[in-house]
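Reproduced below: protein_2.pdb, with PDB, C-alpha atoms.
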ATOM      1  CA  MET A  12       0.965 -30.051 -12.382
ATOM      2  CA  PHE A  13      -0.308 -26.467 -12.659
ATOM      3  CA  THR A  14       1.993 -24.109 -14.572
ATOM      4  CA  ALA A  15       1.905 -20.354 -14.145
ATOM      5  CA  PRO A  16       1.188 -18.397 -17.323
ATOM      6  CA  VAL A  17       3.784 -16.094 -18.797
ATOM      7  CA  ILE A  18       2.878 -12.487 -18.021
ATOM      8  CA  LEU A  19       4.927  -9.719 -19.552
ATOM      9  CA  GLU A  20       5.306  -6.573 -17.483
ATOM     10  CA  GLU A  21       7.411  -3.489 -18.072
ATOM     11  CA  GLU A  22      10.003  -2.696 -15.457
ATOM     12  CA  ALA A  23       9.027   0.258 -13.255
ATOM     13  CA  ASP A  24      10.051   1.861  -9.981
ATOM     14  CA  TYR A  25       7.096   0.380  -8.152
ATOM     15  CA  MET A  26       8.706  -1.936  -5.598
ATOM     16  CA  LYS A  27       8.650   0.461  -2.650
ATOM     17  CA  HIS A  28       5.117   1.613  -3.446
ATOM     18  CA  ASP A  29       3.860  -1.956  -3.786
ATOM     19  CA  ARG A  30       5.480  -2.985  -0.522
ATOM     20  CA  LEU A  31       4.047  -0.047   1.440
ATOM     21  CA  THR A  32       0.565  -0.348  -0.030
ATOM     22  CA  LYS A  33       0.514  -4.105   0.505
ATOM     23  CA  LYS A  34       1.389  -3.625   4.177
ATOM     24  CA  LEU A  35      -1.215  -0.876   4.575
ATOM     25  CA  ILE A  36      -3.976  -3.057   3.111
ATOM     26  CA  GLN A  37      -2.971  -6.081   5.177
ATOM     27  CA  GLU A  38      -2.700  -4.136   8.439
ATOM     28  CA  PHE A  39      -6.035  -2.361   7.909
ATOM     29  CA  PHE A  40      -7.866  -4.730   5.581
ATOM     30  CA  GLU A  41     -11.373  -4.299   6.962
ATOM     31  CA  GLU A  42     -10.942  -0.525   7.235
ATOM     32  CA  PHE A  43      -9.702  -0.396   3.618
ATOM     33  CA  ILE A  44     -12.761  -2.263   2.332
ATOM     34  CA  GLU A  45     -15.105  -0.262   4.562
ATOM     35  CA  ALA A  46     -13.751   3.112   3.391
ATOM     36  CA  PHE A  47     -13.544   2.506  -0.333
ATOM     37  CA  PHE A  48     -15.846  -0.428  -1.135
ATOM     38  CA  PRO A  49     -18.817   0.025   1.228
ATOM     39  CA  ASN A  50     -21.100  -2.169  -0.912
ATOM     40  CA  LEU A  51     -18.737  -5.132  -0.486
ATOM     41  CA  HIS A  52     -18.065  -4.612   3.222
ATOM     42  CA  PRO A  53     -21.353  -5.970   4.710
ATOM     43  CA  HIS A  54     -21.007  -9.264   2.824
ATOM     44  CA  ILE A  55     -17.712 -10.215   4.482
ATOM     45  CA  ASP A  56     -17.058 -11.860   7.844
ATOM     46  CA  PHE A  57     -13.884 -10.071   8.987
ATOM     47  CA  SER A  58     -13.466 -12.154  12.154
ATOM     48  CA  LYS A  59     -11.003 -14.347  10.303
ATOM     49  CA  VAL A  60      -9.025 -13.096   7.321
ATOM     50  CA  THR A  61      -6.204 -15.198   5.907
ATOM     51  CA  PHE A  62      -3.588 -13.682   3.626
ATOM     52  CA  LEU A  63      -2.416 -16.374   1.251
ATOM     53  CA  GLU A  64       1.203 -16.780   0.236
ATOM     54  CA  GLN A  65       2.402 -14.641  -2.641
ATOM     55  CA  GLU A  66       1.612 -16.055  -6.056
ATOM     56  CA  VAL A  67       4.534 -15.540  -8.431
ATOM     57  CA  TYR A  68       4.171 -15.087 -12.195
ATOM     58  CA  LEU A  69       7.257 -15.459 -14.330
ATOM     59  CA  ASP A  70       8.293 -14.113 -17.702
ATOM     60  CA  TYR A  71      10.595 -17.018 -18.414
ATOM     61  CA  ILE A  72      12.053 -15.405 -21.544
ATOM     62  CA  LYS A  73      13.310 -12.213 -19.858
ATOM     63  CA  GLY A  74      13.659 -13.593 -16.350
ATOM     64  CA  ARG A  75      11.266 -11.146 -14.705
ATOM     65  CA  LYS A  76       8.794 -11.926 -12.008
ATOM     66  CA  LYS A  77       5.698 -10.268 -10.572
ATOM     67  CA  GLU A  78       4.181 -11.056  -7.215
ATOM     68  CA  ILE A  79       0.505 -10.519  -6.573
ATOM     69  CA  ASP A  80       0.213  -7.707  -4.049
ATOM     70  CA  VAL A  81      -2.502  -8.958  -1.685
ATOM     71  CA  LEU A  82      -4.596 -12.136  -1.832
ATOM     72  CA  ALA A  83      -7.011 -12.460   1.096
ATOM     73  CA  GLU A  84      -9.252 -15.419   1.859
ATOM     74  CA  VAL A  85     -12.455 -14.465   3.698
ATOM     75  CA  LYS A  86     -15.743 -16.064   4.640
ATOM     76  CA  LEU A  87     -19.012 -14.573   3.477
ATOM     77  CA  ASN A  88     -21.461 -13.469   6.154
ATOM     78  CA  HIS A  89     -24.274 -15.947   6.919
ATOM     79  CA  GLN A  90     -22.978 -18.312   4.247
ATOM     80  CA  ASP A  91     -20.677 -21.268   4.255
ATOM     81  CA  LYS A  92     -18.772 -19.852   1.300
ATOM     82  CA  ILE A  93     -15.219 -18.647   0.782
ATOM     83  CA  LEU A  94     -14.290 -15.562  -1.228
ATOM     84  CA  HIS A  95     -10.813 -14.569  -2.394
ATOM     85  CA  ILE A  96     -10.099 -10.845  -2.656
ATOM     86  CA  HIS A  97      -7.170  -9.988  -4.919
ATOM     87  CA  THR A  98      -5.942  -6.389  -4.563
ATOM     88  CA  GLU A  99      -3.358  -5.032  -6.978
ATOM     89  CA  ALA A 100      -1.642  -1.655  -6.476
ATOM     90  CA  GLN A 101      -0.580   0.190  -9.626
ATOM     91  CA  SER A 102       1.565   3.328  -9.427
ATOM     92  CA  THR A 103       2.205   3.775 -13.163
ATOM     93  CA  ARG A 104      -0.209   3.582 -16.068
ATOM     94  CA  GLU A 105      -0.034   0.519 -18.315
ATOM     95  CA  ALA A 106      -2.267   0.185 -21.353
ATOM     96  CA  ASP A 107      -2.593  -3.572 -20.882
ATOM     97  CA  PHE A 108      -3.299  -3.459 -17.133
ATOM     98  CA  PRO A 109      -6.914  -4.757 -17.471
ATOM     99  CA  GLU A 110      -5.609  -7.744 -19.431
ATOM    100  CA  ARG A 111      -3.026  -8.395 -16.717
ATOM    101  CA  MET A 112      -5.759  -8.305 -14.065
ATOM    102  CA  PHE A 113      -7.643 -10.921 -16.087
ATOM    103  CA  LEU A 114      -4.559 -13.131 -16.387
ATOM    104  CA  TYR A 115      -4.048 -12.956 -12.629
ATOM    105  CA  PHE A 116      -7.708 -13.824 -12.114
ATOM    106  CA  SER A 117      -7.465 -16.786 -14.497
ATOM    107  CA  TYR A 118      -4.385 -18.157 -12.798
ATOM    108  CA  LEU A 119      -5.809 -17.785  -9.291
ATOM    109  CA  TYR A 120      -9.136 -19.343 -10.189
ATOM    110  CA  ALA A 121      -7.474 -22.242 -11.982
ATOM    111  CA  LYS A 122      -5.320 -22.895  -8.921
ATOM    112  CA  HIS A 123      -7.812 -22.385  -6.082
ATOM    113  CA  ARG A 124     -11.253 -22.835  -7.707
ATOM    114  CA  LYS A 125     -12.726 -20.123  -5.441
ATOM    115  CA  PRO A 126     -14.759 -17.058  -6.427
ATOM    116  CA  ILE A 127     -12.508 -14.003  -6.676
ATOM    117  CA  GLN A 128     -13.217 -10.298  -6.230
ATOM    118  CA  PRO A 129     -10.452  -8.388  -8.077
ATOM    119  CA  ILE A 130      -9.606  -4.841  -6.940
ATOM    120  CA  ALA A 131      -7.215  -2.384  -8.595
ATOM    121  CA  VAL A 132      -5.749   0.514  -6.578
ATOM    122  CA  LEU A 133      -4.404   3.193  -8.929
ATOM    123  CA  SER A 134      -2.210   5.988  -7.554
ATOM    124  CA  TYR A 135      -0.983   7.741 -10.698
ATOM    125  CA  ASN A 136      -2.417  11.028 -11.949
ATOM    126  CA  ARG A 137      -4.582  10.843 -15.076
ATOM    127  CA  LYS A 138      -7.751  12.785 -15.787
ATOM    128  CA  LYS A 139      -9.251  10.257 -18.161
ATOM    129  CA  ASP A 140     -11.214   7.405 -16.593
ATOM    130  CA  GLU A 141      -9.402   4.100 -16.643
ATOM    131  CA  PRO A 142     -11.149   0.908 -17.815
ATOM    132  CA  THR A 143     -12.513  -1.543 -15.262
ATOM    133  CA  GLN A 144     -13.045  -4.477 -17.603
ATOM    134  CA  PHE A 145     -11.340  -6.669 -20.147
ATOM    135  CA  LYS A 146     -13.297  -8.042 -23.113
ATOM    136  CA  ILE A 147     -12.719 -10.679 -25.743
ATOM    137  CA  ASP A 148     -14.950 -10.636 -28.806
ATOM    138  CA  THR A 149     -15.225 -12.738 -31.955
ATOM    139  CA  PRO A 150     -17.174 -11.864 -35.093
ATOM    140  CA  THR A 151     -20.124 -13.887 -33.802
ATOM    141  CA  GLN A 152     -20.254 -13.269 -30.062
ATOM    142  CA  GLU A 153     -18.843 -11.598 -26.982
ATOM    143  CA  VAL A 154     -16.786 -14.429 -25.549
ATOM    144  CA  LEU A 155     -15.693 -12.758 -22.330
ATOM    145  CA  GLN A 156     -16.336  -9.670 -20.212
ATOM    146  CA  PHE A 157     -14.148  -9.582 -17.118
ATOM    147  CA  ASN A 158     -14.840  -6.815 -14.569
ATOM    148  CA  PHE A 159     -12.905  -5.579 -11.555
ATOM    149  CA  LEU A 160     -13.399  -2.938  -8.871
ATOM    150  CA  GLN A 161     -11.196   0.115  -9.054
ATOM    151  CA  LEU A 162      -9.978   2.726  -6.572
ATOM    152  CA  HIS A 163      -8.343   5.614  -8.424
ATOM    153  CA  LEU A 164      -6.919   7.645  -5.562
ATOM    154  CA  LYS A 165      -6.199  10.830  -7.516
ATOM    155  CA  LYS A 166      -9.896  11.059  -8.389
ATOM    156  CA  LYS A 167     -10.945  10.908  -4.727
ATOM    157  CA  ASN A 168     -11.841  14.089  -2.844
ATOM    158  CA  TRP A 169      -9.752  14.007   0.334
ATOM    159  CA  ARG A 170     -12.259  16.221   2.172
ATOM    160  CA  GLU A 171     -14.842  13.420   2.068
ATOM    161  CA  TYR A 172     -12.753  11.283   4.436
ATOM    162  CA  ILE A 173     -11.445  13.689   7.078
ATOM    163  CA  GLU A 174     -14.417  13.234   9.430
ATOM    164  CA  SER A 175     -13.888   9.481   9.620
ATOM    165  CA  ASP A 176     -11.654   7.614  12.053
ATOM    166  CA  ASN A 177     -10.531   5.205   9.351
ATOM    167  CA  PRO A 178      -6.744   4.589   9.410
ATOM    168  CA  ALA A 179      -6.594   3.329   5.807
ATOM    169  CA  ALA A 180      -8.373   6.451   4.567
ATOM    170  CA  ALA A 181      -6.099   8.661   6.689
ATOM    171  CA  ALA A 182      -2.915   7.202   5.189
ATOM    172  CA  LEU A 183      -4.272   7.360   1.642
ATOM    173  CA  LEU A 184      -5.172  11.049   1.948
ATOM    174  CA  SER A 185      -1.557  11.557   0.902
ATOM    175  CA  GLN A 186      -2.300  10.193  -2.580
ATOM    176  CA  MET A 187      -5.749  11.644  -3.183
ATOM    177  CA  GLY A 188      -6.693  14.542  -5.434
ATOM    178  CA  TYR A 189      -5.596  17.615  -3.517
ATOM    179  CA  GLU A 190      -4.302  20.838  -5.042
ATOM    180  CA  GLU A 191      -0.759  22.042  -4.408
ATOM    181  CA  HIS A 192      -1.968  24.860  -2.152
ATOM    182  CA  GLU A 193      -3.892  22.323  -0.017
ATOM    183  CA  ARG A 194      -0.856  20.293   1.039
ATOM    184  CA  VAL A 195      -0.586  21.927   4.482
ATOM    185  CA  GLN A 196      -4.273  21.441   5.208
ATOM    186  CA  VAL A 197      -4.196  17.797   4.067
ATOM    187  CA  LYS A 198      -1.298  17.097   6.457
ATOM    188  CA  LEU A 199      -3.028  18.856   9.332
ATOM    189  CA  GLU A 200      -6.280  16.951   8.764
ATOM    190  CA  PHE A 201      -4.313  13.684   8.652
ATOM    191  CA  LEU A 202      -2.767  14.476  12.049
ATOM    192  CA  ARG A 203      -6.176  15.334  13.473
ATOM    193  CA  MET A 204      -7.573  12.039  12.169
ATOM    194  CA  ILE A 205      -4.923   9.822  13.722
ATOM    195  CA  THR A 206      -5.229  11.526  17.129
ATOM    196  CA  ARG A 207      -8.812  10.199  17.252
ATOM    197  CA  MET A 208      -7.804   6.607  16.549
ATOM    198  CA  LYS A 209      -7.254   4.008  19.230
ATOM    199  CA  ILE A 210      -4.447   2.020  17.609
ATOM    200  CA  ASP A 211      -1.132   0.804  18.968
ATOM    201  CA  PRO A 212       2.034   2.943  18.599
ATOM    202  CA  ALA A 213       3.620   0.656  15.988
ATOM    203  CA  LYS A 214       0.641   0.976  13.664
ATOM    204  CA  MET A 215       0.477   4.701  14.344
ATOM    205  CA  GLU A 216       4.132   5.024  13.348
ATOM    206  CA  PHE A 217       3.491   3.054  10.151
ATOM    207  CA  LEU A 218       0.552   5.299   9.195
ATOM    208  CA  TYR A 219       2.700   8.369   9.755
ATOM    209  CA  GLY A 220       5.574   6.934   7.731
ATOM    210  CA  TYR A 221       3.250   5.956   4.886
ATOM    211  CA  PHE A 222       1.748   9.441   4.731
ATOM    212  CA  GLU A 223       5.171  11.138   4.821
ATOM    213  CA  THR A 224       6.371   8.971   1.936
ATOM    214  CA  TYR A 225       3.888  10.643  -0.392
ATOM    215  CA  LEU A 226       3.289  14.038   1.217
ATOM    216  CA  LYS A 227       6.235  15.522   3.089
ATOM    217  CA  LEU A 228       6.071  19.237   3.822
ATOM    218  CA  ASN A 229       8.989  21.579   3.304
ATOM    219  CA  LYS A 230      10.176  24.016   6.011
ATOM    220  CA  GLU A 231       7.916  26.829   4.830
ATOM    221  CA  GLU A 232       4.867  24.555   4.756
ATOM    222  CA  GLU A 233       5.693  23.188   8.208
ATOM    223  CA  ALA A 234       5.783  26.745   9.556
ATOM    224  CA  GLN A 235       2.376  27.381   7.987
ATOM    225  CA  MET A 236       0.993  24.261   9.631
ATOM    226  CA  MET A 237       2.316  25.353  13.021
ATOM    227  CA  GLU A 238       0.432  28.614  12.603
ATOM    228  CA  GLN A 239      -2.755  26.769  11.676
ATOM    229  CA  MET A 240      -2.374  24.504  14.714
ATOM    230  CA  GLU A 241      -2.719  27.552  16.945
ATOM    231  CA  ASN A 242      -6.333  27.843  15.777
ATOM    232  CA  LEU A 243      -7.234  24.326  16.932
ATOM    233  CA  PRO A 244      -9.088  23.758  20.227
ATOM    234  CA  GLU A 245      -6.523  23.564  23.037
ATOM    235  CA  GLU A 246      -7.110  19.898  23.847
ATOM    236  CA  GLU A 247      -6.877  18.853  20.204
ATOM    237  CA  LYS A 248      -3.761  20.979  19.667
ATOM    238  CA  ASP A 249      -2.047  19.286  22.616
ATOM    239  CA  MET A 250      -2.837  15.841  21.183
ATOM    240  CA  VAL A 251      -1.529  16.754  17.732
ATOM    241  CA  MET A 252       1.666  18.246  19.200
ATOM    242  CA  GLN A 253       2.389  14.938  20.944
ATOM    243  CA  LEU A 254       2.564  13.116  17.607
ATOM    244  CA  PRO A 255       5.971  12.471  15.938
ATOM    245  CA  ASN A 256       5.550  15.313  13.449
ATOM    246  CA  SER A 257       8.223  15.889  10.836
ATOM    247  CA  TYR A 258       9.463  19.089  12.493
ATOM    248  CA  PHE A 259      10.141  17.113  15.678
ATOM    249  CA  GLU A 260      11.581  14.197  13.717
ATOM    250  CA  ARG A 261      14.065  16.183  11.633
ATOM    251  CA  GLY A 262      16.472  16.785  14.517
ATOM    252  CA  LYS A 263      16.475  13.096  15.399
ATOM    253  CA  GLU A 264      16.597  11.706  11.883
ATOM    254  CA  GLU A 265      20.362  11.444  11.543
ATOM    255  CA  GLY A 266      20.738   9.854  14.985
ATOM    256  CA  ILE A 267      17.955   7.349  14.307
ATOM    257  CA  GLU A 268      19.524   6.281  11.010
ATOM    258  CA  GLU A 269      22.923   5.928  12.674
ATOM    259  CA  GLY A 270      21.377   3.841  15.451
ATOM    260  CA  ILE A 271      19.708   1.522  12.940
ATOM    261  CA  LYS A 272      22.978   1.115  11.036
ATOM    262  CA  LYS A 273      24.884   0.344  14.241
ATOM    263  CA  ARG A 274      22.318  -2.259  15.281
ATOM    264  CA  ASN A 275      22.489  -3.903  11.841
ATOM    265  CA  GLN A 276      26.272  -4.031  12.134
ATOM    266  CA  GLU A 277      25.943  -5.771  15.500
ATOM    267  CA  ILE A 278      23.572  -8.325  13.974
ATOM    268  CA  ALA A 279      25.963  -8.822  11.054
ATOM    269  CA  LEU A 280      28.875  -9.499  13.428
ATOM    270  CA  GLU A 281      26.841 -12.094  15.274
ATOM    271  CA  LEU A 282      25.853 -13.827  12.020
ATOM    272  CA  ILE A 283      29.470 -13.738  10.791
ATOM    273  CA  ALA A 284      30.495 -15.477  14.008
ATOM    274  CA  ARG A 285      27.895 -18.164  13.308
ATOM    275  CA  GLY A 286      29.357 -18.769   9.855
ATOM    276  CA  MET A 287      26.425 -17.480   7.790
ATOM    277  CA  PRO A 288      27.283 -16.646   4.130
ATOM    278  CA  ILE A 289      27.876 -12.940   3.500
ATOM    279  CA  ASP A 290      25.205 -12.639   0.792
ATOM    280  CA  GLN A 291      22.562 -13.925   3.233
ATOM    281  CA  ILE A 292      23.757 -11.513   5.926
ATOM    282  CA  ALA A 293      23.436  -8.645   3.417
ATOM    283  CA  GLU A 294      19.865  -9.691   2.637
ATOM    284  CA  ILE A 295      18.923  -9.780   6.328
ATOM    285  CA  THR A 296      20.667  -6.599   7.500
ATOM    286  CA  LYS A 297      20.397  -4.522   4.277
ATOM    287  CA  LEU A 298      24.105  -3.674   4.656
ATOM    288  CA  LYS A 299      26.394  -3.562   1.614
ATOM    289  CA  ILE A 300      28.421  -6.716   0.979
ATOM    290  CA  GLU A 301      31.687  -4.734   1.029
ATOM    291  CA  ASP A 302      30.772  -3.314   4.469
ATOM    292  CA  ILE A 303      30.072  -6.801   5.791
ATOM    293  CA  GLU A 304      33.381  -8.074   4.376
ATOM    294  CA  LYS A 305      35.141  -5.194   6.138
ATOM    295  CA  LEU A 306      33.432  -6.124   9.431
ATOM    296  CA  ALA A 307      34.499  -9.727   8.937
ATOM    297  CA  SER A 308      38.133  -8.786   8.323
ATOM    298  CA  GLU A 309      38.170  -6.593  11.436
TER     299      GLU A 309
END
Using structure tokens, write down the structure that the file contains.
Amino acid sequence: MFTAPVILEEEADYMKHDRLTKKLIQEFFEEFIEAFFPNLHPHIDFSKVTFLEQEVYLDYIKGRKKEIDVLAEVKLNHQDKILHIHTEAQSTREADFPERMFLYFSYLYAKHRKPIQPIAVLSYNRKKDEPTQFKIDTPTQEVLQFNFLQLHLKKKNWREYIESDNPAAAALLSQMGYEEHERVQVKLEFLRMITRMKIDPAKMEFLYGYFETYLKLNKEEEAQMMEQMENLPEEEKDMVMQLPNSYFERGKEEGIEEGIKKRNQEIALELIARGMPIDQIAEITKLKIEDIEKLASE
């Protein structure tokens, strides 16, 4: 029986970031590879990509767990070979991160016996280059040199991507290396990018929500962007104005949240009637247990 290794990891406020980035990569996997790893892209057959179930590593001593962010199984072009692509998003710097990438690699290879391409996506701000390998040496030889690909978003120039129609690049503009005074222009270029994309409304809404999570303009900046929109060609301006921009969304925000809460309460009532345990209802609806108990008593 294969046993997962013990991997120690400091607690950090990364859960929301990991969840969003995982969904972005899964929804736009080919576009992500194409935009940021163009040398890898032509080797992969993207007609069938399978995302494998989350692999869980446990620190049995402290009771913590860490799920691998994205593990994709792909077929290589013109070859009857399988490749696993492990992508790990990291929002805070950890000195032992390269070692952790190696431990993940070791576990995955031991379990699946497939070649693995590891990728690290770093979103924190640090001027110094981060390592892309983990080495083990003895006095007589270099025993191991493990390498992984790295995308350090803060070191990317956002201007290099604004002419593309790549949805993954558009969303990740929000975490690239822009200056504070460029925030308005970055948001405007993002809106221009997504108006050129032929993707369904649900994915469009996700891209917009992802971007707003990391770059949300204040009222003054929104006013500046409105002024800059006036300089766009008329047809392009009309298309941008049709998007759910934050200055259109603000007036609806409270009503939308109230509508979501009301719908979750309706679902909770139905599950209560079916006899489902309250803790499970809370997990499904994201309502507080005390609110569900109050609904049940009423």
Next on the checklist: If we count all atoms listed in the file and set the cut-off at 9 Å, which residues sit around A:Ile173, ignoring sequence neighbours fewer than 6 positions away in its own chain? Please answer as a PyMOL selection string.
Outcome noted: chain A and resi 180-181+184+197+200-201+203-204
Item to check | Residue nearest A:Tyr189 among A:Met112, A:Leu226, A:Ile300, A:Leu155 (counting all atoms listed in the file) | outcome: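 Under the stated criterion, the closest residue is A:Leu226.
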Next on the checklist: I need the residue nearest A:Gln239 from this list: A:Lys34, A:Lys198, A:His52, A:Arg124. Use all atoms listed in the file for the distance.
Outcome noted: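 Smallest separation from A:Gln239 among the options: A:Lys198.
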Next on the checklist: I'd like the residues picked by the PyMOL selection byres ((chain A and resi 108) around 10) written out as a ChimeraX atom specification, using the chain letters and numbers from the file.
Outcome noted: /A:20,101,103-107,109-114,131,141-145
Next on the checklist: Need to verify the contact set: A:His54, 9 Å, only C-alpha atoms, exclusion of same-chain residues closer than 6 positions in sequence. Can you return it as JSON, numbers by chain?
Outcome noted: {"A": [86, 87, 88, 89]}
Store the residues picked out above, limited to C-alpha atoms, as a PDB file, in the frame of the given file.
ATOM      1  CA  LYS A  86     -15.743 -16.064   4.640  1.00  0.00           C
ATOM      2  CA  LEU A  87     -19.012 -14.573   3.477  1.00  0.00           C
ATOM      3  CA  ASN A  88     -21.461 -13.469   6.154  1.00  0.00           C
ATOM      4  CA  HIS A  89     -24.274 -15.947   6.919  1.00  0.00           C
TER       5      HIS A  89
END
Go ahead and fit an axis-aligned box to every listed atom of stretch 280-287 of chain A plus 4 Å each side, and pass me the centre and edge lengths in Å, one decimal, as JSON.
{"center_x": 28.2, "center_y": -14.1, "center_z": 11.5, "size_x": 12.6, "size_y": 17.3, "size_z": 15.5}
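Once the PyMOL selection byres ((chain A and resi 279) around 9) is applied to this file, the selection holds Arg274, Asn275, Gln276, Glu277, Ile278, Leu280, Glu281, Leu282, Ile283, Ala284, Ile289, Ile292, Ala293, Ile295, Thr296, Leu298, Ile303, Leu306 and Ala307 of chain A.
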Item to check | the PyMOL selection byres ((chain A and resi 216-222) around 8) resolved against shown file, as a PyMOL selection string | outcome: chain A and resi 31+35+178+181-185+212-215+223-227
Checklist entry - Which residues, written as a PyMOL selection string, have at least one atom at most 9 Å from A:Lys146, with all atoms listed in the file counted and residues fewer than 5 positions away on the same chain left out? => result chain A and resi 110+153-158
Write a file of the selected residues as a short mmCIF file (atom, residue, chain, number, x, y, z; two decimals), keeping the file's coordinate frame, keeping C-alpha atoms.
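Output contents, as saved in again.cif:
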data_model
loop_
_atom_site.label_atom_id
_atom_site.label_comp_id
_atom_site.auth_asym_id
_atom_site.auth_seq_id
_atom_site.Cartn_x
_atom_site.Cartn_y
_atom_site.Cartn_z
CA GLU A 110 -5.61 -7.74 -19.43
CA GLU A 153 -18.84 -11.60 -26.98
CA VAL A 154 -16.79 -14.43 -25.55
CA LEU A 155 -15.69 -12.76 -22.33
CA GLN A 156 -16.34 -9.67 -20.21
CA PHE A 157 -14.15 -9.58 -17.12
CA ASN A 158 -14.84 -6.82 -14.57
#
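Considering all atoms listed in the file, the residue among A:Lys230, A:His28, A:His163, A:Lys77 positioned nearest to A:Val195 is A:Lys230.
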Item to check | Shortest interatomic distance to A:Glu41 - which of A:Lys166, A:Ser58, A:Asp29, A:Lys248, counting all atoms listed in the file | outcome: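 Checking each of A:Lys166, A:Ser58, A:Asp29, A:Lys248 against A:Glu41, counting all atoms listed in the file, the winner is A:Ser58.
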Next on the checklist: Within 7 Å of (-6.8, -10.4, -1.6) (file coordinates; only C-alpha atoms), which protein or nucleic acid residues are there? I'd like them as a list in words.
Outcome noted: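 Collected hits near the coordinates: Phe62, Val81, Leu82, Ala83, Glu84, His95, Ile96, His97 and Thr98 of chain A.
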Checklist entry - What lies within 12 Å of A:Glu231 using all atoms listed in the file, ignoring chain neighbours under 6 positions off, as a ChimeraX atom specification? => result /A:194-195,237-238,258
Checklist entry - In file coordinates, which residues lie within 7 Å of (-14.2, -0.4, -2.8) using all atoms listed in the file, given as a list in words? => result Ile44, Phe47, Phe48, Pro49, Leu51, Leu160, Gln161 and Leu162 of chain A
Next on the checklist: Could you check the closest approach to A:Lys92 for each of A:Ile127, A:Gln235, A:Glu301, A:Glu42 and tell me which residue wins, using all atoms listed in the file?
Outcome noted: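 So, comparing all the options, the nearest one is A:Ile127.
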Checklist entry - How far is it from atom CA of A:Phe57 to atom CA of A:Val132, in Å with one decimal? => result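 So the answer is 20.5 Å.
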Checklist entry - So how far away is atom CA of A:Glu45 from atom CA of A:Asn177, in Å? => result 8.6 Å
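Between atom CA of A:Glu190 and atom CA of A:Tyr172 the interatomic distance comes to 15.9 Å.
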Complete stretch 278-291 of chain A at the level of N, CA and C atoms, written as a tab-separated table (two decimals), in the frame of the given file.
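Now in result-v1.tsv:
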chain	number	residue	atom	x	y	z
A	278	ILE	N	24.20	-7.08	14.43
A	278	ILE	CA	23.57	-8.32	13.97
A	278	ILE	C	24.48	-9.03	12.98
A	279	ALA	N	25.07	-8.23	12.06
A	279	ALA	CA	25.96	-8.82	11.05
A	279	ALA	C	27.15	-9.52	11.71
A	280	LEU	N	27.74	-8.90	12.73
A	280	LEU	CA	28.88	-9.50	13.43
A	280	LEU	C	28.49	-10.83	14.07
A	281	GLU	N	27.30	-10.85	14.63
A	281	GLU	CA	26.84	-12.09	15.27
A	281	GLU	C	26.64	-13.19	14.24
A	282	LEU	N	26.09	-12.84	13.08
A	282	LEU	CA	25.85	-13.83	12.02
A	282	LEU	C	27.16	-14.28	11.38
A	283	ILE	N	28.14	-13.37	11.29
A	283	ILE	CA	29.47	-13.74	10.79
A	283	ILE	C	30.09	-14.79	11.72
A	284	ALA	N	29.94	-14.55	13.02
A	284	ALA	CA	30.50	-15.48	14.01
A	284	ALA	C	29.85	-16.85	13.90
A	285	ARG	N	28.60	-16.88	13.45
A	285	ARG	CA	27.90	-18.16	13.31
A	285	ARG	C	28.18	-18.83	11.97
A	286	GLY	N	28.97	-18.16	11.12
A	286	GLY	CA	29.36	-18.77	9.86
A	286	GLY	C	28.36	-18.61	8.73
A	287	MET	N	27.41	-17.68	8.85
A	287	MET	CA	26.42	-17.48	7.79
A	287	MET	C	27.08	-16.83	6.58
A	288	PRO	N	26.72	-17.25	5.35
A	288	PRO	CA	27.28	-16.65	4.13
A	288	PRO	C	27.00	-15.14	4.07
A	289	ILE	N	27.96	-14.41	3.51
A	289	ILE	CA	27.88	-12.94	3.50
A	289	ILE	C	26.67	-12.44	2.72
A	290	ASP	N	26.34	-13.11	1.58
A	290	ASP	CA	25.20	-12.64	0.79
A	290	ASP	C	23.89	-12.75	1.57
A	291	GLN	N	23.76	-13.78	2.40
A	291	GLN	CA	22.56	-13.92	3.23
A	291	GLN	C	22.52	-12.86	4.33
